file model17.cif (mmCIF, C-alpha atoms and all ligand atoms)
data_input
#
loop_
_atom_site.label_atom_id
_atom_site.label_comp_id
_atom_site.auth_asym_id
_atom_site.auth_seq_id
_atom_site.Cartn_x
_atom_site.Cartn_y
_atom_site.Cartn_z
CA MET A 1 -15.91 -30.26 -3.09
CA THR A 2 -13.81 -29.83 -6.22
CA ASP A 3 -11.13 -27.24 -6.88
CA LYS A 4 -13.37 -25.86 -9.62
CA ASP A 5 -15.83 -24.90 -6.92
CA TYR A 6 -13.12 -22.95 -5.04
CA VAL A 7 -11.71 -21.35 -8.21
CA ALA A 8 -15.16 -20.06 -9.19
CA PHE A 9 -15.63 -18.76 -5.63
CA ILE A 10 -12.31 -16.88 -5.84
CA GLU A 11 -13.47 -15.18 -9.05
CA LYS A 12 -16.79 -14.11 -7.56
CA ILE A 13 -15.23 -12.81 -4.35
CA LYS A 14 -12.76 -10.80 -6.38
CA ARG A 15 -15.58 -9.19 -8.32
CA LYS A 16 -17.60 -8.55 -5.17
CA SER A 17 -14.88 -7.25 -2.85
CA GLY A 18 -11.65 -6.68 -4.79
CA ILE A 19 -10.00 -9.29 -2.51
CA ASP A 20 -7.95 -11.79 -4.51
CA LEU A 21 -7.99 -15.05 -2.56
CA SER A 22 -5.70 -16.68 -5.12
CA LEU A 23 -2.82 -14.73 -3.53
CA TYR A 24 -3.38 -16.45 -0.18
CA LYS A 25 -2.01 -19.95 0.49
CA GLU A 26 -4.68 -22.20 -0.91
CA THR A 27 -4.80 -25.17 1.46
CA GLN A 28 -5.02 -23.02 4.59
CA MET A 29 -7.56 -20.56 3.22
CA LYS A 30 -9.75 -23.29 1.74
CA ARG A 31 -9.76 -25.18 5.04
CA ARG A 32 -10.69 -22.07 7.05
CA LEU A 33 -13.53 -21.09 4.72
CA LYS A 34 -14.83 -24.61 4.25
CA SER A 35 -15.11 -25.16 7.99
CA LEU A 36 -17.14 -21.93 8.18
CA TYR A 37 -19.57 -22.84 5.40
CA GLU A 38 -20.01 -26.37 6.75
CA LYS A 39 -20.79 -24.97 10.18
CA LYS A 40 -23.44 -22.79 8.54
CA GLY A 41 -24.97 -25.83 6.79
CA PHE A 42 -23.78 -25.29 3.19
CA GLN A 43 -22.47 -28.01 0.89
CA SER A 44 -20.18 -26.03 -1.42
CA PHE A 45 -18.45 -22.70 -2.02
CA GLN A 46 -21.07 -22.06 -4.70
CA GLU A 47 -23.94 -22.34 -2.19
CA PHE A 48 -21.99 -20.33 0.35
CA PHE A 49 -21.47 -17.46 -2.10
CA LEU A 50 -25.13 -17.36 -3.17
CA ALA A 51 -26.19 -17.14 0.47
CA MET A 52 -23.61 -14.41 1.12
CA GLU A 53 -25.10 -12.33 -1.70
CA LYS A 54 -28.38 -12.19 0.23
CA ASP A 55 -27.07 -12.06 3.77
CA LYS A 56 -24.68 -9.23 4.76
CA CYS A 57 -24.05 -10.86 8.16
CA LEU A 58 -22.80 -14.00 6.45
CA TYR A 59 -20.55 -11.91 4.22
CA ASN A 60 -19.13 -10.22 7.32
CA LEU A 61 -18.54 -13.64 8.89
CA PHE A 62 -16.64 -14.64 5.75
CA LEU A 63 -14.48 -11.49 5.99
CA ASP A 64 -13.88 -12.15 9.64
CA ARG A 65 -12.80 -15.74 8.94
CA MET A 66 -10.42 -14.88 6.11
CA THR A 67 -8.66 -12.07 8.01
CA ILE A 68 -6.99 -13.44 11.11
CA ASN A 69 -6.94 -10.58 13.58
CA VAL A 70 -4.92 -12.03 16.48
CA SER A 71 -2.51 -9.43 17.86
CA GLU A 72 -0.83 -8.26 21.07
CA PHE A 73 1.04 -5.23 22.35
CA PHE A 74 4.83 -5.72 22.18
CA ARG A 75 4.30 -9.10 20.48
CA ASN A 76 7.69 -10.90 20.74
CA TYR A 77 9.00 -8.34 23.22
CA GLN A 78 12.71 -9.01 22.56
CA ARG A 79 12.34 -7.75 18.98
CA TRP A 80 10.69 -4.49 20.10
CA ASN A 81 13.46 -4.03 22.63
CA ILE A 82 16.06 -4.36 19.88
CA LEU A 83 14.11 -1.88 17.78
CA GLU A 84 13.94 0.65 20.60
CA LYS A 85 17.44 0.33 22.01
CA LYS A 86 19.54 -0.50 18.99
CA LEU A 87 17.79 0.39 15.75
CA LEU A 88 15.86 3.55 16.62
CA PRO A 89 19.03 5.59 17.33
CA ARG A 90 20.43 4.40 14.02
CA LEU A 91 17.23 5.31 12.19
CA LEU A 92 17.09 8.77 13.71
CA ASN A 93 20.71 9.69 13.17
CA GLY A 94 20.10 13.05 14.85
CA LYS A 95 16.53 13.54 13.53
CA LYS A 96 13.67 14.12 15.97
CA HIS A 97 10.90 12.42 14.04
CA ILE A 98 10.24 9.39 11.89
CA LYS A 99 7.66 8.22 9.38
CA VAL A 100 6.30 4.78 10.22
CA TRP A 101 3.83 2.36 8.60
CA SER A 102 2.21 -0.49 10.51
CA ALA A 103 0.94 -2.60 7.59
CA ALA A 104 -1.79 -5.14 8.47
CA CYS A 105 -2.21 -3.51 11.88
CA SER A 106 -5.29 -5.55 12.85
CA THR A 107 -6.98 -4.18 16.00
CA GLY A 108 -4.28 -1.59 16.74
CA GLU A 109 -1.95 -3.24 19.25
CA GLU A 110 1.04 -2.95 16.89
CA PRO A 111 0.77 0.74 15.84
CA TYR A 112 0.01 1.71 19.45
CA THR A 113 3.13 -0.20 20.56
CA ILE A 114 5.11 1.90 18.06
CA ALA A 115 3.48 5.11 19.33
CA MET A 116 4.31 4.20 22.93
CA ILE A 117 7.96 3.53 22.08
CA LEU A 118 8.18 6.87 20.27
CA ALA A 119 6.48 8.65 23.19
CA GLN A 120 8.87 7.05 25.65
CA ASN A 121 11.75 8.47 23.60
CA SER A 122 10.15 11.95 23.19
CA LEU A 123 9.72 11.41 19.45
CA LEU A 124 6.00 11.02 19.16
CA GLU A 125 4.89 14.59 18.65
CA ALA A 126 6.68 15.20 15.37
CA SER A 127 6.43 11.65 14.02
CA TYR A 128 3.86 10.19 11.63
CA ILE A 129 2.39 6.73 12.16
CA LEU A 130 0.20 5.24 9.45
CA ALA A 131 -1.67 2.05 10.36
CA THR A 132 -3.55 0.08 7.72
CA ASP A 133 -5.52 -3.12 7.41
CA ILE A 134 -7.88 -4.69 4.90
CA ASP A 135 -10.43 -5.31 7.66
CA GLU A 136 -12.62 -2.28 8.43
CA GLN A 137 -14.05 -3.91 11.52
CA ALA A 138 -10.57 -4.41 12.97
CA ILE A 139 -9.77 -0.75 12.28
CA LYS A 140 -12.91 0.33 14.13
CA THR A 141 -11.84 -1.73 17.14
CA ALA A 142 -8.38 -0.17 16.94
CA GLN A 143 -9.84 3.33 16.97
CA ILE A 144 -11.82 2.54 20.11
CA GLY A 145 -8.57 1.48 21.79
CA ILE A 146 -9.91 -0.69 24.63
CA TYR A 147 -8.24 -4.06 25.27
CA PRO A 148 -8.55 -7.08 27.54
CA GLU A 149 -5.65 -7.90 29.86
CA ARG A 150 -4.46 -10.76 27.64
CA ALA A 151 -3.46 -8.29 24.89
CA LEU A 152 -1.03 -6.69 27.34
CA LYS A 153 0.88 -9.83 28.44
CA GLU A 154 4.22 -8.56 27.15
CA VAL A 155 3.84 -4.88 28.02
CA PRO A 156 6.60 -3.68 30.38
CA LEU A 157 5.26 -2.23 33.64
CA GLU A 158 6.52 1.28 32.90
CA TYR A 159 4.63 1.32 29.61
CA LYS A 160 1.52 -0.07 31.24
CA THR A 161 1.55 2.75 33.78
CA ASN A 162 2.36 5.52 31.33
CA TYR A 163 0.13 4.73 28.40
CA PHE A 164 -2.92 2.82 29.62
CA GLN A 165 -5.84 3.62 31.89
CA GLN A 166 -7.23 0.55 33.60
CA GLU A 167 -11.01 0.39 33.95
CA GLY A 168 -12.26 -2.83 35.50
CA SER A 169 -10.70 -5.69 33.60
CA PHE A 170 -10.04 -3.57 30.49
CA TYR A 171 -7.21 -1.28 29.51
CA HIS A 172 -7.84 1.98 27.63
CA VAL A 173 -5.05 3.37 25.47
CA LYS A 174 -4.45 7.01 26.47
CA GLU A 175 -5.79 9.72 24.16
CA ASP A 176 -2.46 11.22 23.05
CA ILE A 177 -1.31 7.78 21.89
CA LYS A 178 -4.59 7.16 20.07
CA ARG A 179 -4.48 10.56 18.41
CA SER A 180 -0.98 9.96 17.06
CA VAL A 181 -1.97 7.07 14.79
CA THR A 182 -3.67 7.57 11.40
CA PHE A 183 -5.78 4.50 10.56
CA ARG A 184 -6.80 3.68 7.01
CA LYS A 185 -8.29 0.75 5.12
CA HIS A 186 -5.71 -0.67 2.70
CA ASN A 187 -5.27 -3.91 0.78
CA LEU A 188 -1.58 -4.85 0.63
CA LEU A 189 -2.22 -6.98 -2.44
CA SER A 190 -3.85 -4.32 -4.59
CA ASP A 191 -3.59 -0.77 -3.20
CA ARG A 192 -0.90 1.83 -3.79
CA PHE A 193 1.93 2.16 -1.23
CA GLU A 194 3.03 5.48 0.26
CA THR A 195 6.75 6.18 0.10
CA ASP A 196 9.64 7.58 2.17
CA PHE A 197 9.06 5.53 5.28
CA ASP A 198 11.81 5.29 7.88
CA LEU A 199 10.23 2.16 9.30
CA ILE A 200 7.72 -0.35 7.95
CA VAL A 201 6.37 -2.93 10.37
CA CYS A 202 4.58 -5.79 8.63
CA ARG A 203 4.23 -8.80 10.88
CA ASN A 204 2.24 -12.00 10.90
CA VAL A 205 0.40 -11.52 7.64
CA LEU A 206 3.01 -12.50 5.04
CA ILE A 207 2.71 -16.11 6.24
CA TYR A 208 -0.77 -16.26 4.74
CA PHE A 209 0.31 -15.21 1.25
CA THR A 210 1.64 -17.30 -1.65
CA GLU A 211 5.37 -17.18 -2.43
CA SER A 212 4.87 -15.00 -5.49
CA ALA A 213 2.62 -12.54 -3.63
CA LYS A 214 5.26 -12.33 -0.88
CA LYS A 215 8.03 -11.59 -3.37
CA GLU A 216 6.02 -8.80 -4.91
CA LEU A 217 5.39 -7.35 -1.48
CA TYR A 218 9.07 -7.39 -0.48
CA GLU A 219 9.78 -5.50 -3.68
CA LYS A 220 7.10 -2.92 -2.93
CA PHE A 221 8.07 -2.51 0.72
CA SER A 222 11.67 -1.95 -0.29
CA LYS A 223 10.61 0.80 -2.73
CA SER A 224 8.47 2.40 -0.02
CA LEU A 225 11.37 2.74 2.37
CA ARG A 226 13.77 5.63 2.24
CA ARG A 227 17.47 4.71 1.97
CA ASN A 228 18.62 3.09 5.25
CA GLY A 229 14.98 2.72 6.30
CA ILE A 230 14.03 -0.49 8.13
CA LEU A 231 11.55 -3.29 7.41
CA PHE A 232 10.46 -5.26 10.50
CA VAL A 233 8.76 -8.63 9.79
CA GLY A 234 7.18 -11.31 12.00
CA SER A 235 9.03 -14.02 13.84
CA THR A 236 8.27 -16.71 11.27
CA GLU A 237 8.70 -14.49 8.25
CA GLN A 238 12.41 -14.31 7.60
CA ILE A 239 13.40 -13.10 4.10
CA PHE A 240 15.94 -15.57 2.73
CA THR A 241 17.44 -13.51 -0.10
CA PRO A 242 16.97 -9.89 1.01
CA GLU A 243 19.58 -8.57 -1.45
CA LYS A 244 17.22 -9.51 -4.30
CA TYR A 245 14.94 -6.74 -3.07
CA GLY A 246 17.63 -4.17 -2.30
CA LEU A 247 17.50 -5.08 1.39
CA LYS A 248 20.11 -6.26 3.89
CA THR A 249 19.66 -8.11 7.18
CA ILE A 250 20.70 -5.98 10.18
CA GLU A 251 19.18 -8.10 12.97
CA THR A 252 17.03 -11.21 12.81
CA PHE A 253 13.68 -10.09 11.32
CA PHE A 254 14.97 -6.58 10.55
CA TYR A 255 16.15 -5.47 7.09
CA THR A 256 17.56 -2.17 5.93
CA ARG A 257 17.07 -0.63 2.49
CA LEU A 258 20.40 -0.34 0.67
C1 LIG A 301 -2.51 -11.90 12.51
S1 LIG A 301 -2.94 -10.23 12.14
C2 LIG A 301 -1.39 -9.43 12.41
C3 LIG A 301 -1.53 -8.22 13.31
C4 LIG A 301 -0.23 -7.53 13.71
N1 LIG A 301 0.55 -7.14 12.55
C5 LIG A 301 0.60 -8.44 14.59
O1 LIG A 301 1.61 -8.99 14.16
O2 LIG A 301 0.24 -8.62 15.77
C6 LIG A 301 -3.09 -10.29 10.37
C7 LIG A 301 -3.84 -9.07 9.81
O3 LIG A 301 -3.61 -9.03 8.39
C8 LIG A 301 -4.75 -8.46 7.79
N2 LIG A 301 -4.74 -8.76 6.34
C9 LIG A 301 -4.98 -9.94 5.72
N3 LIG A 301 -4.89 -9.79 4.39
C10 LIG A 301 -4.56 -8.48 4.16
C11 LIG A 301 -4.32 -7.72 3.00
N4 LIG A 301 -4.41 -8.27 1.78
N5 LIG A 301 -4.02 -6.41 3.12
C12 LIG A 301 -3.95 -5.84 4.35
N6 LIG A 301 -4.16 -6.51 5.50
C13 LIG A 301 -4.47 -7.83 5.41
C14 LIG A 301 -5.89 -9.10 8.55
O4 LIG A 301 -7.08 -8.35 8.42
C15 LIG A 301 -5.33 -9.12 9.97
O5 LIG A 301 -5.77 -8.00 10.71
#
call {"tool": "encode", "arguments": {"input": "model17.cif", "output": "structure tokens"}}
result
Amino acid sequence: MTDKDYVAFIEKIKRKSGIDLSLYKETQMKRRLKSLYEKKGFQSFQEFFLAMEKDKCLYNLFLDRMTINVSEFFRNYQRWNILEKKLLPRLLNGKKHIKVWSAACSTGEEPYTIAMILAQNSLLEASYILATDIDEQAIKTAQIGIYPERALKEVPLEYKTNYFQQEGSFYHVKEDIKRSVTFRKHNLLSDRFETDFDLIVCRNVLIYFTESAKKELYEKFSKSLRRNGILFVGSTEQIFTPEKYGLKTIETFFYTRL
């Protein structure tokens, strides 16, 4: 189908949901959504949208397809190890608490990883962890806090023992860890950002956005950090000119606010 078809779809989705698909990389997003509507027997974005207006389940399927919720605890373990051993002491600088934001937290593995690291270092009680995502369904799953074994592939044994309860083939995140995270629905591309964060973790979502949307986000993340605060991005999401945003590389995939 023509681009006009997709452009009109973008407009209608924006009006319906507030989600601006034009800020996501076009080829990828179009391919993902087209394969969904074709599977459901539609011929165009136009037809797909009309059907969605009448069928809430189809709309939910659309939301599920456009948000990619894959996550894991301690995803790219080496990075988390650097955060815990090298950067956390620097962030604290004598303090006993930090303010953290897990942005695009998906089903909770990432904010719970942060909570576990803080608990392991006796910092959890006084710290604040905000976890946000655009996808309400993912947030609900996060709040339940039950995961299959595959989500725990990279979890060190000590953490597994201390912070999970195994029940059959599932792992339940312990209550004190669950309680320490504040979940909220939030659209990175349109909602207001809180400020004064010591640490912002935003991983594996920037890759889906257009270059100009990414630049705007770097700017906003930088403003949301306190001085010397740290931005932690995903392993394919290096910022090439961090100084443009008042940031400086301190380790690969970690930037500090100047
Ligand atoms: C691949 S997951 C990343 C999860 C986690 N950060 C990690 O690295 O394991 C991407 C998440 O980004 C969320 N997302 C997509 N667009 C978003 C937006 N505009 N604002 C907030 N979250 C968004 C999706 O709902 C999804 O849960």
call {"tool": "residues_around", "arguments": {"input": "model17.cif", "residues": "Lys12 of chain A", "least_positions_apart": "4", "cutoff": "8 Å", "atoms": "all atoms listed in the file", "output": "list in words"}}
result
Ala8, Lys16 and Phe49 of chain A
call {"tool": "residues_near_ligand", "arguments": {"input": "model17.cif", "ligand": "ligand LIG 301 (chain A)", "cutoff": "10 Å", "atoms": "only C-alpha atoms and all ligand atoms", "output": "PyMOL selection string"}}
result
chain A and resi 18-21+23-24+63-76+102-111+131-139+151+185-191+201-209+213+233-235
call {"tool": "closest_residue", "arguments": {"input": "model17.cif", "among": "A:Lys39, A:Ile117, A:Lys86, A:Glu216", "to": "Ile250 of chain A", "atoms": "only C-alpha atoms"}}
result
A:Lys86
call {"tool": "closest_residue", "arguments": {"input": "model17.cif", "among": "A:Glu11, A:Glu251, A:Glu237, A:Glu154", "to": "Gln46 of chain A", "atoms": "all atoms listed in the file"}}
result
A:Glu11
call {"tool": "residues_around", "arguments": {"input": "model17.cif", "residues": "Thr249 of chain A", "least_positions_apart": "5", "cutoff": "10 Å", "atoms": "only C-alpha atoms", "output": "mmCIF file with C-alpha atoms, in the coordinates of the input"}}
result
data_model
loop_
_atom_site.group_PDB
_atom_site.id
_atom_site.type_symbol
_atom_site.label_atom_id
_atom_site.label_comp_id
_atom_site.auth_asym_id
_atom_site.auth_seq_id
_atom_site.Cartn_x
_atom_site.Cartn_y
_atom_site.Cartn_z
ATOM 1 C CA ILE A 230 14.030 -0.490 8.130
ATOM 2 C CA LEU A 231 11.550 -3.290 7.410
ATOM 3 C CA GLN A 238 12.410 -14.310 7.600
ATOM 4 C CA ILE A 239 13.400 -13.100 4.100
ATOM 5 C CA PHE A 240 15.940 -15.570 2.730
ATOM 6 C CA THR A 241 17.440 -13.510 -0.100
ATOM 7 C CA PRO A 242 16.970 -9.890 1.010
ATOM 8 C CA GLU A 243 19.580 -8.570 -1.450
ATOM 9 C CA PHE A 254 14.970 -6.580 10.550
ATOM 10 C CA TYR A 255 16.150 -5.470 7.090
ATOM 11 C CA THR A 256 17.560 -2.170 5.930
ATOM 12 C CA ARG A 257 17.070 -0.630 2.490
#
call {"tool": "residues_around", "arguments": {"input": "model17.cif", "residues": "Ala115 of chain A", "least_positions_apart": "3", "cutoff": "10 Å", "atoms": "only C-alpha atoms", "output": "short mmCIF file (atom, residue, chain, number, x, y, z; two decimals) with C-alpha atoms, in the frame of the given file"}}
result
data_model
loop_
_atom_site.label_atom_id
_atom_site.label_comp_id
_atom_site.auth_asym_id
_atom_site.auth_seq_id
_atom_site.Cartn_x
_atom_site.Cartn_y
_atom_site.Cartn_z
CA VAL A 100 6.30 4.78 10.22
CA GLU A 109 -1.95 -3.24 19.25
CA GLU A 110 1.04 -2.95 16.89
CA PRO A 111 0.77 0.74 15.84
CA TYR A 112 0.01 1.71 19.45
CA LEU A 118 8.18 6.87 20.27
CA ALA A 119 6.48 8.65 23.19
CA GLN A 120 8.87 7.05 25.65
CA ASN A 121 11.75 8.47 23.60
CA LEU A 123 9.72 11.41 19.45
CA LEU A 124 6.00 11.02 19.16
CA GLU A 125 4.89 14.59 18.65
CA SER A 127 6.43 11.65 14.02
CA TYR A 128 3.86 10.19 11.63
CA ILE A 129 2.39 6.73 12.16
CA TYR A 163 0.13 4.73 28.40
CA ASP A 176 -2.46 11.22 23.05
CA ILE A 177 -1.31 7.78 21.89
CA LYS A 178 -4.59 7.16 20.07
CA ARG A 179 -4.48 10.56 18.41
CA SER A 180 -0.98 9.96 17.06
CA VAL A 181 -1.97 7.07 14.79
#
call {"tool": "residues_around", "arguments": {"input": "model17.cif", "residues": "Tyr77 of chain A", "least_positions_apart": "4", "cutoff": "10 Å", "atoms": "only C-alpha atoms", "output": "ChimeraX atom specification"}}
result
/A:73,81-83,153-156
call {"tool": "write_last_selection", "arguments": {"input": "model17.cif", "atoms": "C-alpha atoms", "output": "mmCIF file, in the coordinates of the input"}}
result
data_model
loop_
_atom_site.group_PDB
_atom_site.id
_atom_site.type_symbol
_atom_site.label_atom_id
_atom_site.label_comp_id
_atom_site.auth_asym_id
_atom_site.auth_seq_id
_atom_site.Cartn_x
_atom_site.Cartn_y
_atom_site.Cartn_z
ATOM 1 C CA PHE A 73 1.040 -5.230 22.350
ATOM 2 C CA ASN A 81 13.460 -4.030 22.630
ATOM 3 C CA ILE A 82 16.060 -4.360 19.880
ATOM 4 C CA LEU A 83 14.110 -1.880 17.780
ATOM 5 C CA LYS A 153 0.880 -9.830 28.440
ATOM 6 C CA GLU A 154 4.220 -8.560 27.150
ATOM 7 C CA VAL A 155 3.840 -4.880 28.020
ATOM 8 C CA PRO A 156 6.600 -3.680 30.380
#
call {"tool": "closest_residue", "arguments": {"input": "model17.cif", "among": "A:Asp55, A:Phe62, A:Ile10, A:Asp3", "to": "Arg32 of chain A", "atoms": "only C-alpha atoms"}}
result
A:Phe62
call {"tool": "closest_residue", "arguments": {"input": "model17.cif", "among": "A:Asn162, A:Ser17, A:Glu84, A:Thr27", "to": "Glu53 of chain A", "atoms": "only C-alpha atoms"}}
result
A:Ser17
call {"tool": "atom_distance", "arguments": {"input": "model17.cif", "atom1": "atom CA of Met29 of chain A", "atom2": "atom CA of Lys54 of chain A"}}
result
22.6 Å
call {"tool": "closest_residue", "arguments": {"input": "model17.cif", "among": "A:Asp198, A:Ser122, A:Thr210, A:Gly229", "to": "Ser22 of chain A", "atoms": "all atoms listed in the file"}}
result
A:Thr210
call {"tool": "atom_distance", "arguments": {"input": "model17.cif", "atom1": "atom CA of Val173 of chain A", "atom2": "atom CA of Trp80 of chain A"}}
result
18.4 Å
call {"tool": "atom_distance", "arguments": {"input": "model17.cif", "atom1": "atom CA of Lys160 of chain A", "atom2": "atom CA of Thr182 of chain A"}}
result
21.9 Å
call {"tool": "decode", "arguments": {"input": "model17.cif", "residues": "segment 82-114 of chain A", "atoms": "C-alpha atoms", "output": "PDB file, in the first residue's frame"}}
result
ATOM      1  CA  ILE A  82      30.263  -1.765  36.080  1.00  0.00           C
ATOM      2  CA  LEU A  83      27.321   0.255  37.357  1.00  0.00           C
ATOM      3  CA  GLU A  84      27.351  -1.503  40.715  1.00  0.00           C
ATOM      4  CA  LYS A  85      31.074  -1.714  41.348  1.00  0.00           C
ATOM      5  CA  LYS A  86      32.428   1.400  39.706  1.00  0.00           C
ATOM      6  CA  LEU A  87      29.728   3.986  39.124  1.00  0.00           C
ATOM      7  CA  LEU A  88      27.444   3.582  42.129  1.00  0.00           C
ATOM      8  CA  PRO A  89      30.149   4.640  44.642  1.00  0.00           C
ATOM      9  CA  ARG A  90      30.851   7.664  42.480  1.00  0.00           C
ATOM     10  CA  LEU A  91      27.162   8.536  42.273  1.00  0.00           C
ATOM     11  CA  LEU A  92      26.650   8.229  46.008  1.00  0.00           C
ATOM     12  CA  ASN A  93      29.699  10.190  47.067  1.00  0.00           C
ATOM     13  CA  GLY A  94      28.821   9.566  50.720  1.00  0.00           C
ATOM     14  CA  LYS A  95      25.014   9.720  50.266  1.00  0.00           C
ATOM     15  CA  LYS A  96      22.845   6.795  51.383  1.00  0.00           C
ATOM     16  CA  HIS A  97      20.118   7.065  48.779  1.00  0.00           C
ATOM     17  CA  ILE A  98      19.612   7.805  45.108  1.00  0.00           C
ATOM     18  CA  LYS A  99      16.786   8.821  42.810  1.00  0.00           C
ATOM     19  CA  VAL A 100      16.502   6.536  39.786  1.00  0.00           C
ATOM     20  CA  TRP A 101      14.308   6.400  36.672  1.00  0.00           C
ATOM     21  CA  SER A 102      13.928   3.270  34.569  1.00  0.00           C
ATOM     22  CA  ALA A 103      12.433   4.780  31.399  1.00  0.00           C
ATOM     23  CA  ALA A 104      10.671   2.302  29.066  1.00  0.00           C
ATOM     24  CA  CYS A 105      10.816  -0.352  31.785  1.00  0.00           C
ATOM     25  CA  SER A 106       8.645  -2.875  29.915  1.00  0.00           C
ATOM     26  CA  THR A 107       7.592  -5.792  32.150  1.00  0.00           C
ATOM     27  CA  GLY A 108       9.743  -4.746  35.117  1.00  0.00           C
ATOM     28  CA  GLU A 109      12.961  -6.744  34.793  1.00  0.00           C
ATOM     29  CA  GLU A 110      15.074  -3.569  34.531  1.00  0.00           C
ATOM     30  CA  PRO A 111      13.713  -1.554  37.515  1.00  0.00           C
ATOM     31  CA  TYR A 112      13.742  -4.707  39.658  1.00  0.00           C
ATOM     32  CA  THR A 113      17.384  -5.280  38.673  1.00  0.00           C
ATOM     33  CA  ILE A 114      18.115  -1.746  39.906  1.00  0.00           C
TER      34      ILE A 114
END
